[in-house]
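Colleague: My structure is in data_24.cif, and what it holds is mmCIF, C-alpha atoms:
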```cif
data_start
#
loop_
_atom_site.label_atom_id
_atom_site.label_comp_id
_atom_site.auth_asym_id
_atom_site.auth_seq_id
_atom_site.Cartn_x
_atom_site.Cartn_y
_atom_site.Cartn_z
CA MET A 1429 16.31 -178.24 -32.16
CA SER A 1430 16.47 -178.93 -35.90
CA ILE A 1431 17.93 -176.26 -38.18
CA ASP A 1432 14.59 -175.58 -39.88
CA LYS A 1433 12.96 -174.87 -36.49
CA LEU A 1434 15.58 -172.45 -35.25
CA PRO A 1435 14.24 -169.00 -34.27
CA PRO A 1436 14.95 -166.29 -36.86
CA THR A 1437 17.87 -164.75 -34.96
CA GLU A 1438 19.68 -168.10 -34.91
CA GLN A 1439 19.20 -169.01 -38.56
CA SER A 1440 22.10 -168.87 -41.02
CA GLY A 1441 22.99 -165.45 -42.37
CA PRO A 1442 22.01 -164.35 -45.88
CA LEU A 1443 25.53 -164.80 -47.29
CA ASP A 1444 28.03 -167.60 -46.92
CA HIS A 1445 31.83 -167.54 -47.22
CA LEU A 1446 32.08 -164.02 -45.79
CA GLU A 1447 35.81 -164.51 -45.36
CA THR A 1448 36.22 -164.58 -49.13
CA LYS A 1449 34.55 -161.21 -49.70
CA SER A 1450 36.39 -157.92 -50.17
CA ILE A 1451 36.00 -155.08 -47.69
CA GLY A 1452 33.94 -153.17 -50.26
CA GLU A 1453 31.61 -156.11 -50.77
CA LEU A 1454 31.17 -156.62 -47.03
CA VAL A 1455 30.44 -152.94 -46.43
CA GLY A 1456 27.79 -152.92 -49.15
CA PHE A 1457 26.19 -156.24 -48.22
CA MET A 1458 26.12 -155.52 -44.50
CA HIS A 1459 24.73 -152.01 -44.89
CA ALA A 1460 21.96 -153.27 -47.17
CA HIS A 1461 21.13 -156.05 -44.73
CA SER A 1462 20.73 -153.55 -41.87
CA GLU A 1463 17.56 -152.22 -43.52
CA GLN A 1464 15.77 -155.22 -42.03
CA ALA A 1465 16.13 -153.67 -38.58
CA TRP A 1466 14.28 -150.52 -39.66
CA ARG A 1467 11.52 -152.52 -41.33
CA ALA A 1468 11.15 -154.72 -38.26
CA VAL A 1469 10.63 -151.69 -36.01
CA GLU A 1470 8.15 -150.17 -38.44
CA ASN A 1471 6.08 -153.35 -38.30
CA CYS A 1472 5.67 -153.09 -34.52
CA LEU A 1473 4.99 -149.36 -34.20
CA PRO A 1474 1.32 -149.89 -33.18
CA GLU A 1475 2.34 -151.97 -30.16
CA ILE A 1476 5.06 -149.49 -29.24
CA GLU A 1477 2.45 -146.73 -29.28
CA ARG A 1478 0.05 -148.71 -27.10
CA PHE A 1479 2.78 -149.41 -24.58
CA ILE A 1480 3.99 -145.80 -24.38
CA GLU A 1481 0.43 -144.59 -23.79
CA VAL A 1482 0.09 -146.82 -20.72
CA LEU A 1483 3.64 -146.13 -19.54
CA VAL A 1484 3.16 -142.36 -19.61
CA GLN A 1485 -0.06 -142.57 -17.61
CA ARG A 1486 1.78 -144.43 -14.86
CA MET A 1487 4.86 -142.19 -14.93
CA LYS A 1488 2.64 -139.12 -14.57
CA GLN A 1489 1.51 -140.65 -11.28
CA GLY A 1490 5.09 -141.11 -10.11
CA GLY A 1491 5.82 -144.52 -11.57
CA ARG A 1492 9.32 -145.44 -12.72
CA LEU A 1493 10.68 -147.30 -15.73
CA PHE A 1494 13.09 -150.21 -15.34
CA TYR A 1495 14.94 -152.11 -18.07
CA ILE A 1496 16.34 -155.59 -17.49
CA GLY A 1497 18.54 -157.49 -19.92
CA ALA A 1498 21.68 -159.53 -20.47
CA GLY A 1499 24.63 -159.00 -22.78
CA THR A 1500 23.98 -156.57 -25.63
CA SER A 1501 20.34 -156.20 -24.61
CA GLY A 1502 21.30 -155.29 -21.06
CA ARG A 1503 23.91 -152.81 -22.23
CA LEU A 1504 21.40 -151.08 -24.48
CA GLY A 1505 18.92 -150.77 -21.62
CA VAL A 1506 21.55 -149.32 -19.27
CA LEU A 1507 22.65 -146.91 -22.01
CA ASP A 1508 19.13 -145.64 -22.62
CA ALA A 1509 18.45 -145.20 -18.91
CA SER A 1510 21.75 -143.45 -18.25
CA GLU A 1511 21.08 -140.88 -20.99
CA CYS A 1512 17.78 -139.71 -19.50
CA PRO A 1513 19.14 -137.59 -16.60
CA PRO A 1514 21.58 -135.47 -18.66
CA THR A 1515 19.20 -135.16 -21.62
CA PHE A 1516 15.93 -134.54 -19.84
CA GLY A 1517 17.01 -133.47 -16.34
CA VAL A 1518 15.14 -136.28 -14.60
CA ASP A 1519 16.27 -137.98 -11.41
CA PRO A 1520 18.47 -141.03 -12.13
CA GLU A 1521 15.96 -143.19 -10.28
CA ARG A 1522 13.18 -142.31 -12.74
CA VAL A 1523 14.57 -144.57 -15.49
CA GLN A 1524 16.94 -147.36 -14.50
CA GLY A 1525 18.71 -150.13 -16.37
CA PHE A 1526 19.92 -153.44 -14.96
CA ILE A 1527 22.22 -155.93 -16.68
CA SER A 1528 22.82 -159.50 -15.58
CA GLY A 1529 26.16 -159.70 -13.82
CA GLY A 1530 26.01 -156.12 -12.60
CA ASP A 1531 27.76 -153.00 -13.85
CA GLY A 1532 30.98 -154.92 -14.45
CA ALA A 1533 29.20 -156.80 -17.24
CA LEU A 1534 28.92 -153.57 -19.21
CA ARG A 1535 32.58 -154.04 -20.15
CA VAL A 1536 33.32 -157.73 -19.64
CA ALA A 1537 30.78 -160.53 -20.03
CA VAL A 1538 29.96 -162.34 -16.78
CA GLU A 1539 29.60 -165.98 -17.69
CA GLY A 1540 26.39 -167.67 -16.61
CA ALA A 1541 24.82 -164.56 -15.05
CA GLU A 1542 21.99 -164.48 -17.58
CA ASP A 1543 20.97 -168.04 -16.68
CA SER A 1544 19.65 -167.05 -13.25
CA GLU A 1545 15.85 -166.78 -13.20
CA THR A 1546 15.96 -164.96 -9.84
CA GLY A 1547 18.82 -162.61 -10.75
CA ALA A 1548 16.77 -159.75 -12.19
CA TRP A 1549 14.30 -159.60 -9.32
CA ASN A 1550 17.16 -159.71 -6.82
CA ASP A 1551 18.76 -156.78 -8.65
CA LEU A 1552 15.48 -154.86 -8.68
CA ALA A 1553 14.53 -155.51 -5.05
CA PRO A 1554 16.53 -152.63 -3.49
CA SER A 1555 14.50 -150.18 -5.62
CA GLN A 1556 11.37 -151.07 -3.60
CA LEU A 1557 9.08 -151.44 -6.59
CA THR A 1558 5.46 -150.37 -6.48
CA GLU A 1559 2.46 -151.16 -8.68
CA LEU A 1560 3.01 -147.89 -10.55
CA ASP A 1561 6.42 -149.05 -11.78
CA THR A 1562 7.03 -150.64 -15.18
CA ILE A 1563 9.47 -153.41 -16.08
CA VAL A 1564 10.71 -153.80 -19.66
CA GLY A 1565 12.56 -157.02 -20.38
CA ILE A 1566 14.99 -156.82 -23.29
CA ALA A 1567 16.07 -160.09 -24.91
CA ALA A 1568 16.64 -160.64 -28.61
CA SER A 1569 16.01 -164.36 -28.16
CA GLY A 1570 12.99 -163.84 -25.94
CA ARG A 1571 14.09 -166.69 -23.68
CA THR A 1572 16.92 -165.34 -21.50
CA PRO A 1573 16.22 -166.69 -17.96
CA TYR A 1574 17.36 -163.46 -16.28
CA VAL A 1575 14.77 -161.53 -18.28
CA VAL A 1576 11.97 -164.09 -18.27
CA GLY A 1577 12.29 -164.67 -14.53
CA GLY A 1578 12.22 -160.94 -13.80
CA LEU A 1579 9.16 -160.39 -15.97
CA LYS A 1580 7.36 -163.34 -14.44
CA GLU A 1581 7.89 -162.06 -10.90
CA ALA A 1582 7.01 -158.48 -11.81
CA LYS A 1583 3.77 -159.50 -13.49
CA ALA A 1584 2.81 -161.70 -10.55
CA ARG A 1585 3.21 -158.68 -8.26
CA GLY A 1586 0.96 -156.47 -10.38
CA LEU A 1587 3.55 -154.31 -12.12
CA LEU A 1588 3.13 -153.29 -15.76
CA THR A 1589 5.40 -155.48 -17.88
CA ALA A 1590 6.65 -155.26 -21.44
CA CYS A 1591 9.32 -156.95 -23.48
CA ILE A 1592 11.40 -156.11 -26.53
CA VAL A 1593 12.26 -159.27 -28.45
CA CYS A 1594 13.29 -160.23 -31.98
CA ASN A 1595 11.75 -163.69 -32.24
CA PRO A 1596 8.00 -164.42 -32.42
CA ALA A 1597 6.13 -166.57 -29.89
CA SER A 1598 8.89 -166.35 -27.30
CA GLU A 1599 8.82 -167.29 -23.62
CA ALA A 1600 9.07 -163.63 -22.57
CA GLU A 1601 5.80 -162.87 -24.35
CA LYS A 1602 3.91 -165.15 -21.95
CA HIS A 1603 4.73 -162.92 -19.01
CA THR A 1604 4.15 -159.43 -20.38
CA ASP A 1605 1.25 -157.05 -20.85
CA HIS A 1606 2.88 -155.57 -23.96
CA CYS A 1607 5.19 -157.55 -26.21
CA ILE A 1608 7.12 -155.58 -28.81
CA VAL A 1609 8.32 -158.10 -31.38
CA ALA A 1610 10.75 -156.74 -33.97
CA VAL A 1611 11.44 -159.73 -36.19
CA THR A 1612 14.83 -158.83 -37.63
CA GLY A 1613 15.50 -162.28 -39.08
CA ALA A 1614 18.87 -163.94 -39.58
CA GLU A 1615 21.90 -161.84 -38.67
CA PHE A 1616 24.64 -160.98 -41.17
CA VAL A 1617 26.99 -162.98 -38.95
CA THR A 1618 24.90 -165.94 -37.83
CA GLY A 1619 23.58 -165.50 -34.29
CA SER A 1620 25.32 -162.17 -33.64
CA THR A 1621 22.33 -160.30 -32.24
CA ARG A 1622 24.40 -157.21 -31.50
CA LEU A 1623 23.80 -156.43 -35.20
CA ASN A 1624 20.24 -156.07 -36.58
CA ALA A 1625 18.56 -157.18 -33.36
CA GLY A 1626 20.67 -154.68 -31.43
CA THR A 1627 19.92 -151.91 -33.93
CA ALA A 1628 16.17 -152.55 -33.75
CA THR A 1629 16.29 -152.65 -29.96
CA LYS A 1630 18.10 -149.31 -29.81
CA LEU A 1631 15.54 -147.74 -32.14
CA ILE A 1632 12.69 -149.00 -29.96
CA LEU A 1633 14.32 -147.75 -26.76
CA ASN A 1634 14.83 -144.35 -28.39
CA LEU A 1635 11.10 -144.23 -29.12
CA ILE A 1636 10.04 -145.30 -25.64
CA SER A 1637 12.20 -143.00 -23.53
CA THR A 1638 12.16 -139.95 -25.79
CA ILE A 1639 8.41 -139.91 -26.36
CA ALA A 1640 7.74 -140.59 -22.68
CA MET A 1641 9.94 -137.65 -21.70
CA ILE A 1642 8.25 -135.38 -24.24
CA GLN A 1643 4.85 -136.38 -22.86
CA LEU A 1644 6.10 -135.71 -19.32
CA GLY A 1645 6.96 -132.14 -20.28
CA HIS A 1646 10.73 -132.24 -20.54
CA VAL A 1647 10.86 -130.85 -24.10
CA GLN A 1648 9.65 -127.48 -25.39
CA GLY A 1649 9.32 -127.10 -29.15
CA SER A 1650 12.04 -129.53 -30.09
CA LYS A 1651 14.45 -128.35 -27.40
CA MET A 1652 15.67 -130.33 -24.39
CA VAL A 1653 15.10 -127.43 -22.00
CA ASP A 1654 15.65 -129.58 -18.90
CA MET A 1655 19.07 -130.87 -19.95
CA ARG A 1656 21.92 -130.50 -17.49
CA PRO A 1657 24.50 -127.95 -18.73
CA SER A 1658 27.41 -129.95 -17.34
CA ASN A 1659 30.12 -129.15 -19.89
CA SER A 1660 31.11 -126.41 -22.33
CA LYS A 1661 29.29 -128.02 -25.26
CA LEU A 1662 26.05 -128.22 -23.33
CA ILE A 1663 26.47 -124.71 -21.96
CA ASP A 1664 26.83 -123.42 -25.53
CA ARG A 1665 23.74 -125.38 -26.54
CA GLY A 1666 21.84 -123.95 -23.59
CA VAL A 1667 22.82 -120.42 -24.51
CA ARG A 1668 21.57 -120.96 -28.06
CA MET A 1669 18.24 -122.27 -26.81
CA ILE A 1670 17.82 -119.33 -24.47
CA LYS A 1671 18.65 -116.82 -27.20
CA GLU A 1672 16.19 -118.42 -29.63
CA ALA A 1673 13.42 -118.35 -27.04
CA THR A 1674 13.99 -114.83 -25.72
CA SER A 1675 16.10 -112.82 -28.22
CA ALA A 1676 18.61 -112.27 -25.40
CA SER A 1677 22.25 -111.47 -26.18
CA ASP A 1678 25.00 -114.03 -25.68
CA GLU A 1679 25.99 -112.38 -22.42
CA GLU A 1680 22.45 -112.13 -21.10
CA ALA A 1681 21.70 -115.77 -21.98
CA LEU A 1682 24.92 -117.02 -20.38
CA ASN A 1683 24.39 -115.01 -17.22
CA ALA A 1684 20.82 -116.28 -16.91
CA LEU A 1685 21.95 -119.86 -17.42
CA GLN A 1686 24.73 -119.56 -14.87
CA SER A 1687 22.49 -117.96 -12.28
CA THR A 1688 19.65 -120.46 -12.63
CA GLY A 1689 21.53 -123.59 -13.69
CA SER A 1690 18.59 -124.41 -15.94
CA VAL A 1691 17.69 -123.57 -19.53
CA ARG A 1692 13.99 -123.65 -18.65
CA LEU A 1693 14.38 -121.31 -15.67
CA ALA A 1694 16.70 -119.02 -17.59
CA ILE A 1695 14.11 -118.63 -20.36
CA GLU A 1696 11.37 -117.95 -17.82
CA SER A 1697 13.47 -115.39 -15.95
CA LEU A 1698 14.33 -113.46 -19.10
CA LYS A 1699 10.75 -113.50 -20.38
CA ASN A 1700 9.57 -112.12 -17.06
CA TYR A 1701 12.30 -109.49 -16.84
#
```
What is this structure when it is put down as structure tokens?
Modeller:
Amino acid sequence: MSIDKLPPTEQSGPLDHLETKSIGELVGFMHAHSEQAWRAVENCLPEIERFIEVLVQRMKQGGRLFYIGAGTSGRLGVLDASECPPTFGVDPERVQGFISGGDGALRVAVEGAEDSETGAWNDLAPSQLTELDTIVGIAASGRTPYVVGGLKEAKARGLLTACIVCNPASEAEKHTDHCIVAVTGAEFVTGSTRLNAGTATKLILNLISTIAMIQLGHVQGSKMVDMRPSNSKLIDRGVRMIKEATSASDEEALNALQSTGSVRLAIESLKNY
């Protein structure tokens, strides 16, 4: 592929001779360049909204959300999925993330794993997918075989499919019902899609999972009332939420939380007392 036909994420960065710049210059230049990630997400907000509307309808009927990705994209999907149970109190099976090469690839790259077109579907198979489930393929390039193959199989079996990519007119787009394209352009370090592409992807995942959980009833006001109070910080947060909702004392809020194990139930019990 000629240089002028390279996809945006593979094109040369905006500055050359980075090794000659001072730390101050690099901090300033790189921070300014990161604004492209925010603008890219803003440009695809309508498609994000359309996807979340359909996703929520299916999840209200018991459907689940699955992310598939490789490398940075896979790690971001696993991260987003793993945060849903403690934040929103949902079952870990409700939102799941899969990375090519398995959980070991979260720390150390597994060479060649992303090149398997059957890998994602093989990873998903034990979950016994149904037509209410949704598969989101995450790939900055939009052409990762692990992601494209998984989307292709999912779509053929009637599942809702979506992708989060950072290059237009990608292969992944051909196999999805909803394609979220955040064109972040050339990276500060050429080809390093853990930078702006990764930032845009994280922002999009935040929107998808958080808004879906709000729509599914796991937030009251702005409070995560279904969070799991699994450590002292979260217990303190739970006590504050209970006090704000009921005007209970510290002791009353803590006792209610400890007896119910749930901020939501503690609030309900104190209001009904």
Colleague: Quick one: of A:Gln1556, A:Val1576, A:Phe1516, A:Ala1625, who's nearest to A:Arg1692, counting only C-alpha atoms?
Modeller: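 Nearest to A:Arg1692: A:Phe1516.
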Colleague: For this structure, which residues satisfy the selection - the PyMOL selection byres ((chain A and resi 1634) around 12) - when it is evaluated on the file as given? I want them as a list in words.
Modeller: Val1469, Ile1476, Ile1480, Leu1504, Gly1505, Leu1507, Asp1508, Ala1509, Glu1511, Cys1512, Thr1627, Ala1628, Thr1629, Lys1630, Leu1631, Ile1632, Leu1633, Leu1635, Ile1636, Ser1637, Thr1638, Ile1639, Ala1640, Met1641 and Ile1642 of chain A
Colleague: Calculate how many Å separate atom CA of A:Ile1592 from atom CA of A:Leu1443, rounding to one decimal.
Modeller: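 The value is 26.6 Å.
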Colleague: Mind checking which residues fall within 12 Å of A:Ser1620, counting all atoms listed in the file, ignoring those fewer than 6 positions away in the same chain, and posting them as a list in words?
Modeller: Pro1436, Thr1437, Glu1438, Gln1439, Ser1440, Gly1441, Gly1499, Thr1500, Ser1501, Ala1568, Ser1569, Thr1612, Gly1613, Ala1614, Gly1626 and Thr1627 of chain A
Colleague: Interatomic distance between atom CA of A:Ser1690 and atom CA of A:Arg1665?
Modeller: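 Atom CA of A:Arg1665 lies at a distance of 11.8 Å from atom CA of A:Ser1690.
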Colleague: Need the shell around stretch 1595-1611 of chain A: protein/DNA/RNA residues with any atom at most 9 Å away, counting only C-alpha atoms. Skip same-chain ones fewer than 6 positions apart. Format as an mmCIF file with C-alpha atoms, in the coordinates of the input?
Modeller:
```
data_model
loop_
_atom_site.group_PDB
_atom_site.id
_atom_site.type_symbol
_atom_site.label_atom_id
_atom_site.label_comp_id
_atom_site.auth_asym_id
_atom_site.auth_seq_id
_atom_site.Cartn_x
_atom_site.Cartn_y
_atom_site.Cartn_z
ATOM 1 C CA PRO A 1435 14.240 -169.000 -34.270
ATOM 2 C CA PRO A 1436 14.950 -166.290 -36.860
ATOM 3 C CA THR A 1437 17.870 -164.750 -34.960
ATOM 4 C CA GLN A 1464 15.770 -155.220 -42.030
ATOM 5 C CA ALA A 1465 16.130 -153.670 -38.580
ATOM 6 C CA ARG A 1467 11.520 -152.520 -41.330
ATOM 7 C CA ALA A 1468 11.150 -154.720 -38.260
ATOM 8 C CA VAL A 1469 10.630 -151.690 -36.010
ATOM 9 C CA GLU A 1470 8.150 -150.170 -38.440
ATOM 10 C CA ASN A 1471 6.080 -153.350 -38.300
ATOM 11 C CA CYS A 1472 5.670 -153.090 -34.520
ATOM 12 C CA LEU A 1473 4.990 -149.360 -34.200
ATOM 13 C CA GLU A 1475 2.340 -151.970 -30.160
ATOM 14 C CA ILE A 1476 5.060 -149.490 -29.240
ATOM 15 C CA ARG A 1478 0.050 -148.710 -27.100
ATOM 16 C CA PHE A 1479 2.780 -149.410 -24.580
ATOM 17 C CA VAL A 1564 10.710 -153.800 -19.660
ATOM 18 C CA GLY A 1565 12.560 -157.020 -20.380
ATOM 19 C CA ALA A 1567 16.070 -160.090 -24.910
ATOM 20 C CA ALA A 1568 16.640 -160.640 -28.610
ATOM 21 C CA SER A 1569 16.010 -164.360 -28.160
ATOM 22 C CA GLY A 1570 12.990 -163.840 -25.940
ATOM 23 C CA ARG A 1571 14.090 -166.690 -23.680
ATOM 24 C CA THR A 1572 16.920 -165.340 -21.500
ATOM 25 C CA VAL A 1575 14.770 -161.530 -18.280
ATOM 26 C CA VAL A 1576 11.970 -164.090 -18.270
ATOM 27 C CA GLY A 1577 12.290 -164.670 -14.530
ATOM 28 C CA LEU A 1579 9.160 -160.390 -15.970
ATOM 29 C CA LYS A 1580 7.360 -163.340 -14.440
ATOM 30 C CA GLU A 1581 7.890 -162.060 -10.900
ATOM 31 C CA ALA A 1582 7.010 -158.480 -11.810
ATOM 32 C CA LYS A 1583 3.770 -159.500 -13.490
ATOM 33 C CA ALA A 1584 2.810 -161.700 -10.550
ATOM 34 C CA LEU A 1588 3.130 -153.290 -15.760
ATOM 35 C CA THR A 1589 5.400 -155.480 -17.880
ATOM 36 C CA ALA A 1625 18.560 -157.180 -33.360
ATOM 37 C CA ALA A 1628 16.170 -152.550 -33.750
ATOM 38 C CA THR A 1629 16.290 -152.650 -29.960
ATOM 39 C CA ILE A 1632 12.690 -149.000 -29.960
#
```
Colleague: So, counting all atoms listed in the file, which residue among A:Ser1697, A:Thr1562, A:Thr1546, A:Gln1524 is closest to A:Val1484?
Modeller: A:Thr1562
Colleague: My list of candidates is A:Gly1586, A:Pro1554, A:Gly1497, A:Gly1666. Which is closest to A:Leu1685 when distances are computed with only C-alpha atoms?
Modeller: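 The shortest atom-to-atom distance to A:Leu1685 comes from A:Gly1666.
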Colleague: Pick out the closest residue to A:His1646 from this set: A:Gly1619, A:Pro1573, A:Val1691, A:Asp1531. Count all atoms listed in the file.
Modeller: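 Closest to A:His1646 of all the choices is A:Val1691.
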Colleague: May I ask which of the residues A:Asp1561, A:Glu1477, A:Glu1542, A:Leu1552 is the closest one to A:Gln1489, counting all atoms listed in the file?
Modeller: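 Nearest candidate to A:Gln1489 out of A:Asp1561, A:Glu1477, A:Glu1542, A:Leu1552: A:Asp1561.
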Colleague: For atom CA of A:Ile1496 and atom CA of A:Gly1525, determine how far apart the two atoms are, in Å to one decimal place.
Modeller: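 Atom-to-atom, atom CA of A:Ile1496 to atom CA of A:Gly1525, that is 6.1 Å.
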